[in-house]
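The structure appears below as structure tokens.
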Amino acid sequence: VATITPVSQPDPADACRRRLRCALCGDDRLRPILSLAPTPPGNAFVRTAATQRLYPLDLAVCEGCGHGQLLDIVDRLQVIGRATDALGDRPDILSQAKANARSLLERFGPPTGGLVVEIGSNDGSFLKVFDDAGRRVQGIEPAVNVAGQAIANGVRTFPGLFSAPVADRILDERGRAILISAQQLFAQTEDPAEILDGVRILLAPDGVFVFEVTYFSDVVEGGLFDSIHHLNLHYFAVTPLRRFFDKNGFELFAVERTAARGGSLRGSVQLPGGPFTADGSVETLVAFETRIGLTDPVRLAPFPARVEMLCAEVRGRLEEIKGSGGRIAGYGSEANTTTLLHQLGLDGGTLDFLIDDNADRQGLLSPGLHVPVLSPEALLERRPDWLLISAWNHAEEVMARHEAFQRAGGHFLVPLPSLVII
Ligand SMILES: [Zn+2]
């Protein structure tokens, strides 16, 4: 098990800045509650094992409004402008995205011909559902590889980050939007108020803005520290969000918890005087958050100890396996794996290789620790004894797909939300 030494020389460009004020309310009392091992950006895969800069991974909670946020902001284009997985290549997430689109169609029923906009629209798979149902669609996507795919698939897409000027331009060309959706991109934006500045320009008075983000409650309650990485700057709870929307002239009228990414929050927002009636769900989750102390830095104090306990257990088991000559590979190499591996101190000395279904990552080295990423065939060719499923929220599916590995004597190890050995 390796020790990670941060590299201290600064990048030539000012690639990382420390946040001094809360992203939602502007208060300067940001109380650090969890300090994880520094990592490169979670998706910074490389071809050669040259040293990569590590950035602090410190989570703070605002004493003013209770919002959870990263203190260090790695340049957004460097992190989210990179090539990303196309939804079309991820059947698991694709089916969730399409189901989400269908439920929005049903719930908010944008009229035929109405404009539906998605901020962070990936390869256009989500918008395609609306397109097929006779709505006009417009995507905005900063990752050039998937933006290109969307355009090739006939989904109108602006390749770049969303902002007020981009909203103005879309308004001129396409008119007002009846539905605007932002999935993970809302959590990846340095200043969420800038997204709202664009939404205010573009949203019809009777329109709805919907977003889905990792729910801070699931991170804390489940000890899901691996969902903390440099792509996600925000760990949202309903209490600070409601205040934030209010301050920016919007009404958060409904929220619900979903199972996406280990536990997410889906929110619906309208302009003042909009047509939707609050259903009480916001108050219910605010009361829940008060009860568990989710937005109170003092009551969050046990969180680091819980994370360390989970890590010690997994680390201990992996050391036992290595000690008895077992060979271990990992499954999944998304941004959360970068956090997991750095926090557990797992480099090529512990993990022979990582498997990833995405062909674009195969043949590369993992961010920072430089574990080789291989295709699933390596599992049967190289026959490790153990498979650490770092993509643990897809563990069932991974195990079902690789039954042959288990039949041949292999074992699975699922690290979170609690250690499971199969
Ligand atoms: Zn705040």
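Residues are referred to by chain and number: the chain letter is A, B, ... according to the order shown in the structure tokens, the number counts from 1 in that chain, and ligands are numbered separately from 1 in the order shown.
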Give me, as a JSON list (two decimals) with C-alpha atoms, in the first residue's frame, all polymer residues having an atom no more than 6 Å from range 64-80 of chain A, counting only C-alpha atoms and skipping those fewer than 6 positions away in the same chain.
```json
[["chain", "number", "residue", "atom", "x", "y", "z"],
["A", 15, "ALA", "CA", -5.30, 25.86, -12.45],
["A", 16, "CYS", "CA", -6.63, 25.76, -8.88],
["A", 17, "ARG", "CA", -8.08, 28.39, -6.61],
["A", 18, "ARG", "CA", -9.17, 28.29, -2.97],
["A", 19, "ARG", "CA", -12.77, 29.24, -2.28],
["A", 27, "ASP", "CA", -20.72, 33.98, 3.79],
["A", 58, "ASP", "CA", -11.23, 19.35, 1.30],
["A", 233, "LEU", "CA", -17.89, 21.23, -6.42],
["A", 234, "HIS", "CA", -21.19, 21.09, -4.53],
["A", 235, "TYR", "CA", -22.83, 18.61, -2.16],
["A", 240, "PRO", "CA", -29.48, 25.89, 1.74],
["A", 295, "THR", "CA", -26.29, 21.49, 7.57]]
```
**Request:** Please return as an MDAnalysis selection string: the residues of range 114-263 of chain A that backbone DSSP assigns to strand (DSSP E or B).
**Result:** chainID A and resid 115:119 136:140 157:158 177:182 203:215 234:236 251:258
**Request:** Tell me which protein, DNA and RNA residues are within 12 Å of range 141-153 of chain A, counting only C-alpha atoms, leaving out same-chain ones fewer than 4 positions away, and put them as a ChimeraX atom specification.
**Result:** /A:76-89,117-128,131,137,157-163,166,182-185,188-189,360
**Exercise: range 310-317 of chain A partners within 12 Å, only C-alpha atoms, chain neighbours under 5 positions left out, as a PyMOL selection string** = chain A and resi 1-2+36-37+222-226+303-305+322-324+326+328+339-346+350+386+388-390+413-421
Save out the residues we just selected, N, CA and C atoms, as a compact mmCIF listing (two decimals), in the first residue's frame.
```
# COMPACT_ATOMS: atom_id res chain seq x y z
N VAL A 1 0.85 -1.19 0.00
CA VAL A 1 0.00 0.00 0.00
C VAL A 1 0.89 1.24 0.00
N ALA A 2 0.69 2.10 -0.98
CA ALA A 2 1.62 3.21 -1.20
C ALA A 2 1.26 4.44 -0.38
N LEU A 36 -9.82 14.85 2.45
CA LEU A 36 -9.46 13.58 1.81
C LEU A 36 -8.07 13.71 1.19
N ALA A 37 -7.48 12.57 0.79
CA ALA A 37 -6.16 12.59 0.15
C ALA A 37 -6.24 13.42 -1.13
N GLY A 222 -24.26 7.59 4.30
CA GLY A 222 -23.70 6.34 3.76
C GLY A 222 -22.18 6.30 3.81
N GLY A 223 -21.55 7.39 4.25
CA GLY A 223 -20.08 7.41 4.24
C GLY A 223 -19.51 7.35 2.83
N LEU A 224 -20.27 7.84 1.85
CA LEU A 224 -19.88 7.70 0.44
C LEU A 224 -18.85 8.76 0.05
N PHE A 225 -17.68 8.67 0.66
CA PHE A 225 -16.66 9.70 0.44
C PHE A 225 -16.17 9.73 -1.00
N ASP A 226 -16.32 8.60 -1.74
CA ASP A 226 -15.79 8.58 -3.11
C ASP A 226 -16.61 9.43 -4.07
N PHE A 303 -18.20 12.64 10.85
CA PHE A 303 -18.10 12.15 9.47
C PHE A 303 -16.69 11.63 9.12
N PRO A 304 -15.62 12.39 9.41
CA PRO A 304 -14.28 11.89 9.05
C PRO A 304 -13.94 10.55 9.71
N ALA A 305 -14.37 10.37 10.96
CA ALA A 305 -14.05 9.12 11.66
C ALA A 305 -14.77 7.95 10.98
N LYS A 322 -3.11 -9.44 -0.21
CA LYS A 322 -1.76 -9.31 -0.77
C LYS A 322 -0.77 -10.14 0.03
N GLY A 323 -0.94 -10.14 1.34
CA GLY A 323 -0.04 -10.88 2.23
C GLY A 323 -0.03 -12.37 1.95
N SER A 324 -1.19 -12.88 1.50
CA SER A 324 -1.24 -14.32 1.22
C SER A 324 -1.03 -14.58 -0.27
N GLY A 326 -2.38 -13.12 -2.95
CA GLY A 326 -3.50 -12.94 -3.87
C GLY A 326 -3.26 -11.79 -4.83
N ILE A 328 -4.97 -8.80 -7.18
CA ILE A 328 -6.20 -8.00 -7.15
C ILE A 328 -6.27 -7.08 -8.36
N THR A 339 -10.78 9.10 -6.35
CA THR A 339 -10.84 9.42 -4.91
C THR A 339 -10.62 8.18 -4.06
N LEU A 340 -11.32 7.10 -4.43
CA LEU A 340 -11.23 5.85 -3.66
C LEU A 340 -9.79 5.35 -3.59
N LEU A 341 -9.13 5.29 -4.75
CA LEU A 341 -7.77 4.74 -4.80
C LEU A 341 -6.77 5.61 -4.03
N HIS A 342 -6.90 6.92 -4.15
CA HIS A 342 -5.98 7.81 -3.42
C HIS A 342 -6.23 7.73 -1.92
N GLN A 343 -7.50 7.68 -1.53
CA GLN A 343 -7.80 7.64 -0.10
C GLN A 343 -7.34 6.32 0.52
N LEU A 344 -7.45 5.23 -0.26
CA LEU A 344 -7.01 3.93 0.25
C LEU A 344 -5.51 3.71 0.00
N GLY A 345 -4.88 4.57 -0.81
CA GLY A 345 -3.46 4.42 -1.12
C GLY A 345 -3.19 3.20 -1.99
N LEU A 346 -4.02 2.97 -3.01
CA LEU A 346 -3.87 1.79 -3.86
C LEU A 346 -3.24 2.18 -5.19
N THR A 350 -0.62 -2.65 -5.42
CA THR A 350 -1.74 -3.40 -4.84
C THR A 350 -2.68 -3.90 -5.94
N TRP A 386 -8.88 -11.63 -7.08
CA TRP A 386 -9.91 -10.77 -6.51
C TRP A 386 -10.22 -9.61 -7.45
N LEU A 388 -11.83 -5.92 -7.00
CA LEU A 388 -12.36 -4.83 -6.17
C LEU A 388 -13.30 -4.01 -7.06
N ILE A 389 -14.58 -4.02 -6.76
CA ILE A 389 -15.54 -3.31 -7.63
C ILE A 389 -15.61 -1.85 -7.17
N SER A 390 -14.72 -1.02 -7.74
CA SER A 390 -14.71 0.39 -7.34
C SER A 390 -15.97 1.09 -7.86
N LEU A 413 -14.99 -8.09 -4.27
CA LEU A 413 -14.94 -7.30 -3.06
C LEU A 413 -15.61 -5.95 -3.36
N VAL A 414 -16.72 -5.67 -2.69
CA VAL A 414 -17.45 -4.41 -2.89
C VAL A 414 -17.11 -3.50 -1.70
N PRO A 415 -16.46 -2.34 -1.94
CA PRO A 415 -15.94 -1.54 -0.81
C PRO A 415 -16.97 -0.69 -0.09
N LEU A 416 -18.02 -0.25 -0.79
CA LEU A 416 -18.98 0.69 -0.20
C LEU A 416 -20.40 0.27 -0.59
N PRO A 417 -21.43 0.69 0.13
CA PRO A 417 -21.40 1.52 1.33
C PRO A 417 -20.86 0.79 2.56
N SER A 418 -20.82 -0.58 2.52
CA SER A 418 -20.07 -1.28 3.55
C SER A 418 -19.40 -2.47 2.89
N LEU A 419 -18.28 -2.89 3.43
CA LEU A 419 -17.46 -3.92 2.80
C LEU A 419 -18.23 -5.24 2.65
N VAL A 420 -18.31 -5.74 1.41
CA VAL A 420 -18.97 -7.03 1.16
C VAL A 420 -18.00 -7.90 0.37
N ILE A 421 -17.86 -9.14 0.81
CA ILE A 421 -16.97 -10.10 0.16
C ILE A 421 -17.85 -11.19 -0.45
```
**Message:** Residues of range 140-289 of chain A classed as helix (DSSP H, G or I) by DSSP on the backbone are to be reported as a ChimeraX atom specification.
**Reply:** /A:144-152,164-174,185-188,192-202,216-222,225-227,238-247,260-262,281-289
Selection above as a file: C-alpha atoms, as a compact mmCIF listing (two decimals), in the first residue's frame:
```
# COMPACT_ATOMS: atom_id res chain seq x y z
CA VAL A 144 -16.28 18.34 -27.17
CA ASN A 145 -16.32 14.61 -27.89
CA VAL A 146 -19.94 14.09 -26.82
CA ALA A 147 -21.12 17.49 -28.10
CA GLY A 148 -19.85 16.38 -31.52
CA GLN A 149 -21.73 13.09 -31.26
CA ALA A 150 -24.95 14.92 -30.35
CA ILE A 151 -24.64 17.20 -33.37
CA ALA A 152 -23.89 14.21 -35.60
CA ALA A 164 -26.10 34.39 -19.57
CA PRO A 165 -24.68 35.37 -23.01
CA VAL A 166 -25.26 31.81 -24.27
CA ALA A 167 -28.83 31.98 -22.89
CA ASP A 168 -29.37 35.29 -24.74
CA ARG A 169 -28.19 33.73 -27.95
CA ILE A 170 -30.46 30.70 -27.58
CA LEU A 171 -33.39 32.99 -26.72
CA ASP A 172 -32.80 34.94 -29.95
CA GLU A 173 -32.52 31.84 -32.09
CA ARG A 174 -35.07 29.50 -30.48
CA LEU A 185 -23.65 20.01 -14.37
CA PHE A 186 -25.40 22.06 -11.70
CA ALA A 187 -23.00 20.56 -9.13
CA GLN A 188 -20.01 21.01 -11.40
CA PRO A 192 -24.46 28.05 -9.51
CA ALA A 193 -25.97 31.56 -9.56
CA GLU A 194 -24.48 31.99 -13.04
CA ILE A 195 -26.55 29.04 -14.24
CA LEU A 196 -29.62 30.73 -12.74
CA ASP A 197 -28.74 34.00 -14.53
CA GLY A 198 -28.99 32.07 -17.80
CA VAL A 199 -32.13 30.18 -16.74
CA ARG A 200 -33.86 33.47 -15.82
CA ILE A 201 -33.23 34.77 -19.35
CA LEU A 202 -34.36 31.63 -21.12
CA PHE A 216 -25.29 15.48 0.67
CA SER A 217 -27.38 13.36 3.04
CA ASP A 218 -26.52 10.18 1.13
CA VAL A 219 -22.82 11.11 1.15
CA VAL A 220 -22.77 11.69 4.91
CA GLU A 221 -25.17 8.98 6.08
CA GLY A 222 -23.70 6.34 3.76
CA PHE A 225 -16.66 9.70 0.44
CA ASP A 226 -15.79 8.58 -3.11
CA SER A 227 -18.53 10.80 -4.52
CA VAL A 238 -32.49 21.16 0.42
CA THR A 239 -32.23 23.69 3.28
CA PRO A 240 -29.48 25.89 1.74
CA LEU A 241 -30.85 25.32 -1.77
CA ARG A 242 -34.30 26.63 -0.93
CA ARG A 243 -32.74 29.81 0.48
CA PHE A 244 -30.46 30.15 -2.54
CA PHE A 245 -33.30 29.88 -5.08
CA ASP A 246 -35.34 32.32 -3.03
CA LYS A 247 -32.51 34.86 -2.98
CA ALA A 260 -28.95 7.69 -9.10
CA ARG A 261 -25.21 7.66 -8.30
CA GLY A 262 -25.64 6.17 -4.86
CA SER A 281 -41.85 17.77 -0.26
CA VAL A 282 -39.46 20.67 0.30
CA GLU A 283 -40.65 21.18 3.89
CA THR A 284 -40.45 17.43 4.56
CA LEU A 285 -36.79 17.22 3.53
CA VAL A 286 -35.89 20.46 5.31
CA ALA A 287 -37.34 18.97 8.51
CA PHE A 288 -35.40 15.75 7.89
CA GLU A 289 -32.15 17.68 7.42
```
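The gap separating CA of Leu59 in chain A from CA of Gly348 in chain A is 27.5 Å, in Å to one decimal.
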**Prompt:** Could you work out how far CA of Leu387 in chain A lies from CA of Arg327 in chain A, giving the answer in Å with one decimal?
**Reply:**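 Rounded to one decimal, the two atoms are 8.8 Å apart.
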**Request:** Determine the nearest neighbour of ligand 1 from the options A:His411, A:Leu271, A:Asp296, A:Val213, counting only C-alpha atoms and all ligand atoms.
**Result:**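 The answer is A:Asp296, which sits nearest to ligand 1.
Among A:Leu105, A:Val61, A:Ala44, A:Cys22, the residue with the shortest atom-to-atom distance to Val298 in chain A, counting only C-alpha atoms, is A:Val61.
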**Request:** For CA of Trp392 in chain A and CA of Val210 in chain A, determine how far apart the two atoms are, in Å to one decimal place.
**Result:** 27.0 Å
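Residue nearest ligand 1 within the list A:Gly267, A:Pro297, A:Gly207, A:Gly249: A:Pro297 [criterion: smallest interatomic distance, only C-alpha atoms and all ligand atoms].
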**Item:** Selection: 8 Å around His229 in chain A, only C-alpha atoms, excl. self and same-chain fewer than 4 positions, as number ranges by chain
**Value:** A: 41-42, 57, 233, 335-336, 338-339
What does the file look like for those residues with all heavy atoms, as an mmCIF file, in the first residue's frame?
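Output file part_24.cif is given in full below:
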```
data_model
loop_
_atom_site.group_PDB
_atom_site.id
_atom_site.type_symbol
_atom_site.label_atom_id
_atom_site.label_comp_id
_atom_site.auth_asym_id
_atom_site.auth_seq_id
_atom_site.Cartn_x
_atom_site.Cartn_y
_atom_site.Cartn_z
ATOM 1 N N PRO A 41 -7.358 15.831 -11.096
ATOM 2 C CA PRO A 41 -8.768 15.753 -11.489
ATOM 3 C C PRO A 41 -9.142 14.277 -11.715
ATOM 4 O O PRO A 41 -8.357 13.526 -12.289
ATOM 5 C CB PRO A 41 -8.810 16.545 -12.795
ATOM 6 C CG PRO A 41 -7.684 17.513 -12.675
ATOM 7 C CD PRO A 41 -6.610 16.784 -11.925
ATOM 8 N N GLY A 42 -10.327 13.887 -11.239
ATOM 9 C CA GLY A 42 -10.716 12.477 -11.233
ATOM 10 C C GLY A 42 -10.726 11.813 -12.594
ATOM 11 O O GLY A 42 -10.683 10.580 -12.689
ATOM 12 N N LEU A 57 -8.364 17.982 -1.556
ATOM 13 C CA LEU A 57 -9.757 17.551 -1.687
ATOM 14 C C LEU A 57 -10.423 17.736 -0.325
ATOM 15 O O LEU A 57 -10.607 16.787 0.436
ATOM 16 C CB LEU A 57 -9.785 16.083 -2.154
ATOM 17 C CG LEU A 57 -11.064 15.530 -2.764
ATOM 18 C CD1 LEU A 57 -11.625 16.433 -3.856
ATOM 19 C CD2 LEU A 57 -10.826 14.134 -3.326
ATOM 20 N N LEU A 233 -18.305 20.197 -7.368
ATOM 21 C CA LEU A 233 -17.893 21.230 -6.419
ATOM 22 C C LEU A 233 -18.889 21.378 -5.280
ATOM 23 O O LEU A 233 -18.575 21.936 -4.254
ATOM 24 C CB LEU A 233 -17.761 22.572 -7.148
ATOM 25 C CG LEU A 233 -16.645 22.627 -8.185
ATOM 26 C CD1 LEU A 233 -16.722 23.937 -8.960
ATOM 27 C CD2 LEU A 233 -15.295 22.491 -7.512
ATOM 28 N N ALA A 335 -14.453 9.020 -12.010
ATOM 29 C CA ALA A 335 -13.847 10.002 -11.099
ATOM 30 C C ALA A 335 -13.883 9.522 -9.645
ATOM 31 O O ALA A 335 -12.949 9.767 -8.886
ATOM 32 C CB ALA A 335 -14.576 11.333 -11.231
ATOM 33 N N ASN A 336 -14.958 8.801 -9.260
ATOM 34 C CA ASN A 336 -15.022 8.371 -7.861
ATOM 35 C C ASN A 336 -13.948 7.327 -7.547
ATOM 36 O O ASN A 336 -13.482 7.226 -6.412
ATOM 37 C CB ASN A 336 -16.427 7.889 -7.491
ATOM 38 C CG ASN A 336 -16.844 6.662 -8.255
ATOM 39 O OD1 ASN A 336 -16.471 6.505 -9.420
ATOM 40 N ND2 ASN A 336 -17.589 5.788 -7.620
ATOM 41 N N THR A 338 -10.916 7.478 -8.635
ATOM 42 C CA THR A 338 -9.702 8.253 -8.361
ATOM 43 C C THR A 338 -9.648 8.647 -6.883
ATOM 44 O O THR A 338 -8.615 8.517 -6.230
ATOM 45 C CB THR A 338 -9.660 9.502 -9.274
ATOM 46 O OG1 THR A 338 -9.656 9.057 -10.630
ATOM 47 C CG2 THR A 338 -8.425 10.341 -9.019
ATOM 48 N N THR A 339 -10.785 9.101 -6.345
ATOM 49 C CA THR A 339 -10.840 9.421 -4.909
ATOM 50 C C THR A 339 -10.621 8.181 -4.065
ATOM 51 O O THR A 339 -9.826 8.169 -3.127
ATOM 52 C CB THR A 339 -12.214 10.050 -4.564
ATOM 53 O OG1 THR A 339 -12.365 11.256 -5.309
ATOM 54 C CG2 THR A 339 -12.319 10.361 -3.086
#
```
**Asked** Do you know which residues are at most 12 Å from Val371 in chain A counting only C-alpha atoms, after dropping those on the same chain fewer than 3 positions away, and could you put them as a PyMOL selection string?
**Response** chain A and resi 45-49+328-333+337-338+341-342+345-356+361-368+374
**Item:** Top pick for closest residue to Val307 in chain A, considering A:Pro372, A:Asn43, A:Thr214, A:Leu34 and counting only C-alpha atoms
**Value:**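 The shortest atom-to-atom distance to Val307 in chain A comes from A:Leu34.
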